[in-house]
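What follows is a single structure, written as structure tokens, with notes after it.
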Amino acid sequence: MRFLLIIFMLLGGVVPLRAASAEAPERGTAITDPLALRELDHGRFGLARIVAPARSGDTPLSNSQLFALPSMAPVRKALDGEFDRYILSHKASLPNETIGVGDAYAFQLFDRTLLYSADTRFVLAGIVNRMDRAWLAEADCGEVRLIYRLVRTNAPEIRPPDTSAARASETHGSEPSEAPASPRLPMTLNIVLKAKGNAATGDTAKAMTCAEIARRWLAAGDLALTGAALAAKLTAADGPLDLISLANIDRIETNLQIAHAPKSPARDFRTDYLLKVFRYNAPSQLFEEAPLENQIDRTRILADGKLKREFKAWLLDPVHFGKLDRGMILIPEKFLALRAIAATPVGFTPSELQPAFGLVQGEGAAANAVFSENDVVAALKKATEHGIGLQNIRSVAGFEQRLNDMTCSGCHQTRGIGGFHFPGVDWIAANPSNSKVVPASPHFFGDQIRRRDIITAMRDGRHVDFSRGFSSRPQLRGSKELAGTEYEDGWGAHCYVRHANAREDDRSFSSWTCAAGLACQAMSQASRIGMCFIGAR
């Protein structure tokens with residue numbers, strides 16, 4: 001595939017540049033200060049305090065202890081089942097490609113023993129405010145996500161970070177001790193909490209308004225602090241993290257690089273990420289396997305004629321079509337999958353690696369698909385007749401783009417760092433710094449403008465527009481903050497190659513232009529979606 005290496009470097013292989021703005025795009029919407037995260041991990045936001053609050057002591061929770069918890073037994077069972085399923089699927093589809101743990105294999109499987117080892121643990125790598133998801137349940141005021149990264153703790157050269165030295169550096173300007181970096185492993189565990197506690201629990205947050213919670217987060221974004229001082233302000237009685245407790249937990253989301261295949265004579269390199277969700281059942285106190293939000297079960301739907309017809313009728317209903325356009329749709333669980341494999345890199349050419357591949361076909365092949373192109377055109381016309389103003393889906397290609405990027409796997413394949421949108425801060429590294437290692441993807445940083453606008457509207461009591469654009473291009477809402485950066489229209493940004501005749505341009509993507517001095521270059525002959533680079537191809 002043309003420019004495949006460039007795509008991998010930008011979307012999966014290297015850390016992206018920060019925005020040109022003097023201010024961090026994530027201010028008020030995420031906590032990424034490495035020294036503050038280290039303090040929080042050693043305190044009430046260590047994983048042990050969140051999932052095992054009755055456990056005595058403040059010692060970190062090793063993975064062997066984590067997966068021995070009764071609440072985590074369903075998680076371990078499901079992950080084991082996914083490894084077995086993945087291996088069987090691989091052997092059936094790629095019988096000539098060996099698979100196993102170690103670099104002797106064509107597909108190098110993640111060493112499952114590391115998941116349950118006494119020598120690994122999850123460390124707090126970031127905290128993300130998702131109050132922009134309050135449209136799901138306004139009473140919950142959206143979500144807060146505690147993102148933990150899997151690390152080794154047994155390497156002989158690794159020693160615990162010298163917290164006292166780190167604190168001294170904040171006061172006296174000296175550097176923390178030169179402790180070697182702990183090797184991070186390619187897995188994150190995301191604890192998703194309701195931003196507002198459940199009133200039935202008697203939680204302190206029950207009397208809190210969404211406006212007050214939003215105010216606390218935005219105020220925290222204005223703090224010129226780091227390390228222990230910032231952690232103390234965040235967890236103070238008037239801080240945004242003071243409201244978080246076990247009563248807020250909604251689910252766990254896991255993202256694991258299950259296998260990596262280096263480039264071979266038979267194919268390009270490929271990395272597969274396993275995505276899973278486990279909903280918290282409060283009465284049973286168990287994390288139970290659950291469908292992934294909007295992750296269309298393509299294989300099952302295409303194989304079941306009745307399910308295919310039901311899905312088509314449901315999604316093309318004008319009301320649902322309008323919600324799909326705005327990125328505010330919840331597809332019923334009967335159409336969804338319990339797992340997803342996000343393969344990277346996928347590039348821009350339609351392929352089976354994309355979650356919605358084959359769901360839309362031209363009239364000649366429509367019998368094998370869910371939607372024909374004429375179905376989509378008719379749905380666009382019907383939505384307009386019902387007075388629904390479409391913002392994103394204005395063509396068949398726009399419909400296909402949205403089908404892909406609303407899924408978990410499709411979103412993770414779009415402008416991510418490999419299969420992650422938030423790999424997180426490595427505060428165990430010597431002299432950790434979020435200016436040297438960016439904790440998140442271009443997609444994540446590009447979306448912060450929209451999220452902060454929503455949180456600000458909630459704080460001010462104004463009408464809230466919860467809509468979102470395509471994952472490939474940020475919804476800027478009038479802001480110029482990201483102009484000229486890779487997050488919007490700068491070098492490496494996603495763009496649309498215009499036709500010589502403007503009337504032929506696809507209305508879903510025609511606004512995807514490049515900044516002055518850059519040209520949109522298509523990555524393949526099969527797609528007009530490309531990237532902004534200097535000069536012409």
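The way I read the labels, and the way they are meant: chains A, B, ... in the order of the structure tokens, residue 1 as the first residue of every chain, and ligand 1 as the first ligand shown, with later ones counted on from there.
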Near-Thr188 of chain A list (6 Å; only C-alpha atoms; drop same-chain fewer than 4 positions) as an NGL selection string
:A and (148-149 or 254-255)
What lies within 6 Å of Val101 of chain A using only C-alpha atoms, ignoring chain neighbours under 4 positions off, as a PyMOL selection string?
chain A and resi 108-109+111
Taking into account only C-alpha atoms, which residue in the set A:Ser524, A:Thr32, A:Gln401, A:Gln354 is nearest to Ala125 of chain A?
A:Thr32
Selection: 9 Å around Val123 of chain A, only C-alpha atoms, excl. self and same-chain fewer than 2 positions, as a ChimeraX atom specification
/A:38,41,46-47,60,121,125,147-151
Writer output for current selection, N, CA and C atoms, as an mmCIF file, in the first residue's frame:
data_model
loop_
_atom_site.group_PDB
_atom_site.id
_atom_site.type_symbol
_atom_site.label_atom_id
_atom_site.label_comp_id
_atom_site.auth_asym_id
_atom_site.auth_seq_id
_atom_site.Cartn_x
_atom_site.Cartn_y
_atom_site.Cartn_z
ATOM 1 N N ARG A 38 1.735 10.142 39.711
ATOM 2 C CA ARG A 38 2.499 9.266 40.598
ATOM 3 C C ARG A 38 1.992 9.395 42.030
ATOM 4 N N ASP A 41 -1.431 7.715 42.253
ATOM 5 C CA ASP A 41 -1.328 6.260 42.211
ATOM 6 C C ASP A 41 -0.881 5.697 43.552
ATOM 7 N N GLY A 46 -4.686 4.622 43.544
ATOM 8 C CA GLY A 46 -4.063 3.372 43.177
ATOM 9 C C GLY A 46 -5.157 2.357 42.891
ATOM 10 N N LEU A 47 -4.892 1.413 42.002
ATOM 11 C CA LEU A 47 -5.931 0.477 41.589
ATOM 12 C C LEU A 47 -6.505 -0.302 42.763
ATOM 13 N N PRO A 60 0.902 -1.531 46.575
ATOM 14 C CA PRO A 60 0.316 -1.699 45.233
ATOM 15 C C PRO A 60 -0.270 -3.096 45.051
ATOM 16 N N ARG A 121 1.930 -5.048 37.405
ATOM 17 C CA ARG A 121 0.782 -4.357 37.998
ATOM 18 C C ARG A 121 0.347 -3.227 37.080
ATOM 19 N N ALA A 125 -2.031 5.960 34.709
ATOM 20 C CA ALA A 125 -1.331 6.637 33.612
ATOM 21 C C ALA A 125 -2.065 7.872 33.112
ATOM 22 N N ILE A 147 -7.320 5.673 33.839
ATOM 23 C CA ILE A 147 -6.643 4.814 32.872
ATOM 24 C C ILE A 147 -5.338 4.296 33.479
ATOM 25 N N TYR A 148 -5.250 2.981 33.550
ATOM 26 C CA TYR A 148 -4.090 2.316 34.147
ATOM 27 C C TYR A 148 -3.316 1.566 33.070
ATOM 28 N N ARG A 149 -1.984 1.628 33.172
ATOM 29 C CA ARG A 149 -1.108 0.966 32.206
ATOM 30 C C ARG A 149 -0.376 -0.196 32.882
ATOM 31 N N LEU A 150 -0.286 -1.306 32.172
ATOM 32 C CA LEU A 150 0.391 -2.486 32.706
ATOM 33 C C LEU A 150 1.906 -2.294 32.625
ATOM 34 N N VAL A 151 2.606 -2.570 33.751
ATOM 35 C CA VAL A 151 4.063 -2.445 33.787
ATOM 36 C C VAL A 151 4.671 -3.650 34.496
#
Could you go through segment 60-156 of chain A and tell me which residues DSSP, when run on the backbone, assigns to alpha helix (DSSP H), listing them as an NGL selection string?
:A and (63-66 or 73-93)
Residues from the last selection, N, CA, C and O atoms, saved as an mmCIF file, in the first residue's frame:
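Here's the written file selection30.cif:
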data_model
loop_
_atom_site.group_PDB
_atom_site.id
_atom_site.type_symbol
_atom_site.label_atom_id
_atom_site.label_comp_id
_atom_site.auth_asym_id
_atom_site.auth_seq_id
_atom_site.Cartn_x
_atom_site.Cartn_y
_atom_site.Cartn_z
ATOM 1 N N ASN A 63 -0.739 -7.951 39.739
ATOM 2 C CA ASN A 63 -1.756 -8.566 38.897
ATOM 3 C C ASN A 63 -2.194 -9.930 39.405
ATOM 4 O O ASN A 63 -3.340 -10.333 39.195
ATOM 5 N N SER A 64 -1.311 -10.658 40.055
ATOM 6 C CA SER A 64 -1.725 -11.937 40.630
ATOM 7 C C SER A 64 -2.780 -11.708 41.707
ATOM 8 O O SER A 64 -3.739 -12.485 41.838
ATOM 9 N N GLN A 65 -2.638 -10.630 42.472
ATOM 10 C CA GLN A 65 -3.632 -10.288 43.494
ATOM 11 C C GLN A 65 -4.889 -9.715 42.858
ATOM 12 O O GLN A 65 -6.008 -10.010 43.291
ATOM 13 N N LEU A 66 -4.716 -8.898 41.813
ATOM 14 C CA LEU A 66 -5.863 -8.287 41.143
ATOM 15 C C LEU A 66 -6.798 -9.350 40.597
ATOM 16 O O LEU A 66 -8.017 -9.314 40.835
ATOM 17 N N ALA A 73 -12.866 -12.330 38.681
ATOM 18 C CA ALA A 73 -12.872 -13.696 38.137
ATOM 19 C C ALA A 73 -13.515 -13.763 36.751
ATOM 20 O O ALA A 73 -12.970 -14.426 35.842
ATOM 21 N N PRO A 74 -14.654 -13.091 36.509
ATOM 22 C CA PRO A 74 -15.234 -13.124 35.150
ATOM 23 C C PRO A 74 -14.332 -12.469 34.108
ATOM 24 O O PRO A 74 -14.347 -12.865 32.940
ATOM 25 N N VAL A 75 -13.552 -11.478 34.526
ATOM 26 C CA VAL A 75 -12.652 -10.800 33.597
ATOM 27 C C VAL A 75 -11.554 -11.761 33.149
ATOM 28 O O VAL A 75 -11.259 -11.881 31.963
ATOM 29 N N ARG A 76 -10.961 -12.450 34.116
ATOM 30 C CA ARG A 76 -9.899 -13.393 33.773
ATOM 31 C C ARG A 76 -10.431 -14.512 32.868
ATOM 32 O O ARG A 76 -9.788 -14.872 31.875
ATOM 33 N N LYS A 77 -11.583 -15.031 33.204
ATOM 34 C CA LYS A 77 -12.162 -16.115 32.405
ATOM 35 C C LYS A 77 -12.416 -15.654 30.972
ATOM 36 O O LYS A 77 -12.113 -16.384 30.004
ATOM 37 N N ALA A 78 -12.953 -14.453 30.821
ATOM 38 C CA ALA A 78 -13.256 -13.940 29.483
ATOM 39 C C ALA A 78 -11.981 -13.683 28.686
ATOM 40 O O ALA A 78 -11.910 -13.995 27.487
ATOM 41 N N LEU A 79 -10.958 -13.110 29.315
ATOM 42 C CA LEU A 79 -9.713 -12.845 28.606
ATOM 43 C C LEU A 79 -9.028 -14.142 28.173
ATOM 44 O O LEU A 79 -8.501 -14.237 27.059
ATOM 45 N N ASP A 80 -9.058 -15.147 29.047
ATOM 46 C CA ASP A 80 -8.501 -16.452 28.664
ATOM 47 C C ASP A 80 -9.237 -17.013 27.445
ATOM 48 O O ASP A 80 -8.627 -17.549 26.517
ATOM 49 N N GLY A 81 -10.556 -16.878 27.472
ATOM 50 C CA GLY A 81 -11.355 -17.361 26.346
ATOM 51 C C GLY A 81 -11.033 -16.622 25.058
ATOM 52 O O GLY A 81 -11.016 -17.229 23.973
ATOM 53 N N GLU A 82 -10.738 -15.324 25.158
ATOM 54 C CA GLU A 82 -10.416 -14.545 23.966
ATOM 55 C C GLU A 82 -9.069 -14.959 23.384
ATOM 56 O O GLU A 82 -8.901 -14.989 22.158
ATOM 57 N N PHE A 83 -8.100 -15.276 24.236
ATOM 58 C CA PHE A 83 -6.816 -15.762 23.736
ATOM 59 C C PHE A 83 -7.015 -17.070 22.970
ATOM 60 O O PHE A 83 -6.489 -17.243 21.861
ATOM 61 N N ASP A 84 -7.767 -17.972 23.551
ATOM 62 C CA ASP A 84 -8.015 -19.265 22.899
ATOM 63 C C ASP A 84 -8.745 -19.071 21.574
ATOM 64 O O ASP A 84 -8.415 -19.706 20.558
ATOM 65 N N ARG A 85 -9.731 -18.195 21.566
ATOM 66 C CA ARG A 85 -10.513 -17.932 20.353
ATOM 67 C C ARG A 85 -9.634 -17.298 19.270
ATOM 68 O O ARG A 85 -9.738 -17.635 18.090
ATOM 69 N N TYR A 86 -8.784 -16.366 19.671
ATOM 70 C CA TYR A 86 -7.907 -15.688 18.724
ATOM 71 C C TYR A 86 -6.952 -16.679 18.064
ATOM 72 O O TYR A 86 -6.736 -16.653 16.838
ATOM 73 N N ILE A 87 -6.370 -17.575 18.854
ATOM 74 C CA ILE A 87 -5.425 -18.563 18.321
ATOM 75 C C ILE A 87 -6.123 -19.498 17.338
ATOM 76 O O ILE A 87 -5.604 -19.788 16.254
ATOM 77 N N LEU A 88 -7.318 -19.977 17.692
ATOM 78 C CA LEU A 88 -8.062 -20.866 16.796
ATOM 79 C C LEU A 88 -8.427 -20.157 15.497
ATOM 80 O O LEU A 88 -8.329 -20.730 14.410
ATOM 81 N N SER A 89 -8.865 -18.906 15.606
ATOM 82 C CA SER A 89 -9.226 -18.130 14.418
ATOM 83 C C SER A 89 -8.009 -17.924 13.522
ATOM 84 O O SER A 89 -8.102 -18.022 12.291
ATOM 85 N N HIS A 90 -6.889 -17.634 14.142
ATOM 86 C CA HIS A 90 -5.664 -17.417 13.366
ATOM 87 C C HIS A 90 -5.269 -18.682 12.610
ATOM 88 O O HIS A 90 -4.933 -18.631 11.419
ATOM 89 N N LYS A 91 -5.312 -19.802 13.292
ATOM 90 C CA LYS A 91 -4.912 -21.063 12.655
ATOM 91 C C LYS A 91 -5.851 -21.445 11.516
ATOM 92 O O LYS A 91 -5.423 -22.054 10.525
ATOM 93 N N ALA A 92 -7.114 -21.060 11.628
ATOM 94 C CA ALA A 92 -8.071 -21.363 10.567
ATOM 95 C C ALA A 92 -7.893 -20.453 9.359
ATOM 96 O O ALA A 92 -8.008 -20.887 8.206
ATOM 97 N N SER A 93 -7.614 -19.168 9.608
ATOM 98 C CA SER A 93 -7.537 -18.202 8.513
ATOM 99 C C SER A 93 -6.130 -18.059 7.945
ATOM 100 O O SER A 93 -5.963 -17.719 6.768
#
Test item: residues at most 9 Å from segment 501-507 of chain A, only C-alpha atoms, excluding those fewer than 4 positions along its chain, as a ChimeraX atom specification:
/A:392-395,397-398,496-497,511
Determine the nearest neighbour of Met406 of chain A from the options A:Thr235, A:Asn154, A:Gln295, A:Asn281, counting only C-alpha atoms.
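Going through A:Thr235, A:Asn154, A:Gln295, A:Asn281 one by one, the smallest distance to Met406 of chain A is for A:Gln295.
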What's the separation between atom CA of Gly446 of chain A and atom CA of Ala231 of chain A, in Å to one decimal place?
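Atom CA of Ala231 of chain A lies at a distance of 25.5 Å from atom CA of Gly446 of chain A.
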With distances taken over only C-alpha atoms, which residue among A:Met187, A:Ala457, A:Ala290, A:Ala137 lies nearest Ile258 of chain A?
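Between A:Met187, A:Ala457, A:Ala290, A:Ala137, the residue approaching Ile258 of chain A most closely is A:Met187.
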The residue from A:Ala195, A:Ala261, A:Leu302, A:Leu403 with the smallest atom-to-atom distance to Ile249 of chain A, counting only C-alpha atoms, is A:Ala195
When you count only C-alpha atoms, which of these residues is closest to Gly327 of chain A: A:Gly469, A:Pro34, A:Gly305, A:Gly57?
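So, comparing all the options, the nearest one is A:Gly469.
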Would you kindly return, as a list in words, each protein, DNA or RNA residue with an atom no farther than 12 Å from any atom of Glu138 of chain A, considering only C-alpha atoms and excluding same-chain residues fewer than 6 positions away?
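Near Glu138 of chain A, the qualifying residues are Met131, Asp132, Lys194, Ala195, Lys196, Thr209, Cys210, Ala211, Met458, Val464 and Phe466 of chain A.
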Those residues you just picked out, can you put them in a file as an mmCIF file, in the first residue's frame with N, CA, C and O atoms?
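part-v2.cif, written as the output of this step:
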data_model
loop_
_atom_site.group_PDB
_atom_site.id
_atom_site.type_symbol
_atom_site.label_atom_id
_atom_site.label_comp_id
_atom_site.auth_asym_id
_atom_site.auth_seq_id
_atom_site.Cartn_x
_atom_site.Cartn_y
_atom_site.Cartn_z
ATOM 1 N N MET A 131 -17.280 14.318 30.569
ATOM 2 C CA MET A 131 -18.602 14.893 30.793
ATOM 3 C C MET A 131 -19.310 15.167 29.475
ATOM 4 O O MET A 131 -20.530 15.381 29.452
ATOM 5 N N ASP A 132 -18.562 15.124 28.352
ATOM 6 C CA ASP A 132 -19.195 15.289 27.038
ATOM 7 C C ASP A 132 -20.104 14.112 26.708
ATOM 8 O O ASP A 132 -20.876 14.174 25.750
ATOM 9 N N LYS A 194 -19.154 7.044 36.768
ATOM 10 C CA LYS A 194 -20.109 8.127 36.569
ATOM 11 C C LYS A 194 -19.547 9.380 37.221
ATOM 12 O O LYS A 194 -19.040 9.334 38.339
ATOM 13 N N ALA A 195 -19.651 10.506 36.522
ATOM 14 C CA ALA A 195 -19.088 11.736 37.064
ATOM 15 C C ALA A 195 -19.794 12.168 38.341
ATOM 16 O O ALA A 195 -19.202 12.807 39.207
ATOM 17 N N LYS A 196 -21.064 11.790 38.475
ATOM 18 C CA LYS A 196 -21.832 12.122 39.674
ATOM 19 C C LYS A 196 -22.254 10.833 40.353
ATOM 20 O O LYS A 196 -22.740 9.905 39.715
ATOM 21 N N THR A 209 -24.315 19.412 41.567
ATOM 22 C CA THR A 209 -24.893 19.624 40.236
ATOM 23 C C THR A 209 -23.826 19.382 39.171
ATOM 24 O O THR A 209 -22.618 19.451 39.445
ATOM 25 N N CYS A 210 -24.286 19.118 37.956
ATOM 26 C CA CYS A 210 -23.338 18.958 36.853
ATOM 27 C C CYS A 210 -22.544 20.247 36.650
ATOM 28 O O CYS A 210 -21.354 20.205 36.306
ATOM 29 N N ALA A 211 -23.190 21.383 36.860
ATOM 30 C CA ALA A 211 -22.516 22.672 36.694
ATOM 31 C C ALA A 211 -21.357 22.810 37.668
ATOM 32 O O ALA A 211 -20.276 23.304 37.307
ATOM 33 N N MET A 458 -21.878 23.425 30.261
ATOM 34 C CA MET A 458 -22.513 22.825 31.435
ATOM 35 C C MET A 458 -22.266 23.690 32.669
ATOM 36 O O MET A 458 -23.170 23.919 33.475
ATOM 37 N N VAL A 464 -26.347 22.795 25.715
ATOM 38 C CA VAL A 464 -25.179 21.962 25.443
ATOM 39 C C VAL A 464 -25.380 21.217 24.123
ATOM 40 O O VAL A 464 -26.380 20.516 23.941
ATOM 41 N N PHE A 466 -24.028 18.257 22.264
ATOM 42 C CA PHE A 466 -23.228 17.070 22.522
ATOM 43 C C PHE A 466 -22.733 16.397 21.231
ATOM 44 O O PHE A 466 -22.089 15.348 21.300
#
Go through A:Ser467, A:Ser372, A:Ser472, A:Thr384 and flag the residue nearest Thr414 of chain A, using only C-alpha atoms for the distances.
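Distance minimum relative to Thr414 of chain A lands on A:Ser472.
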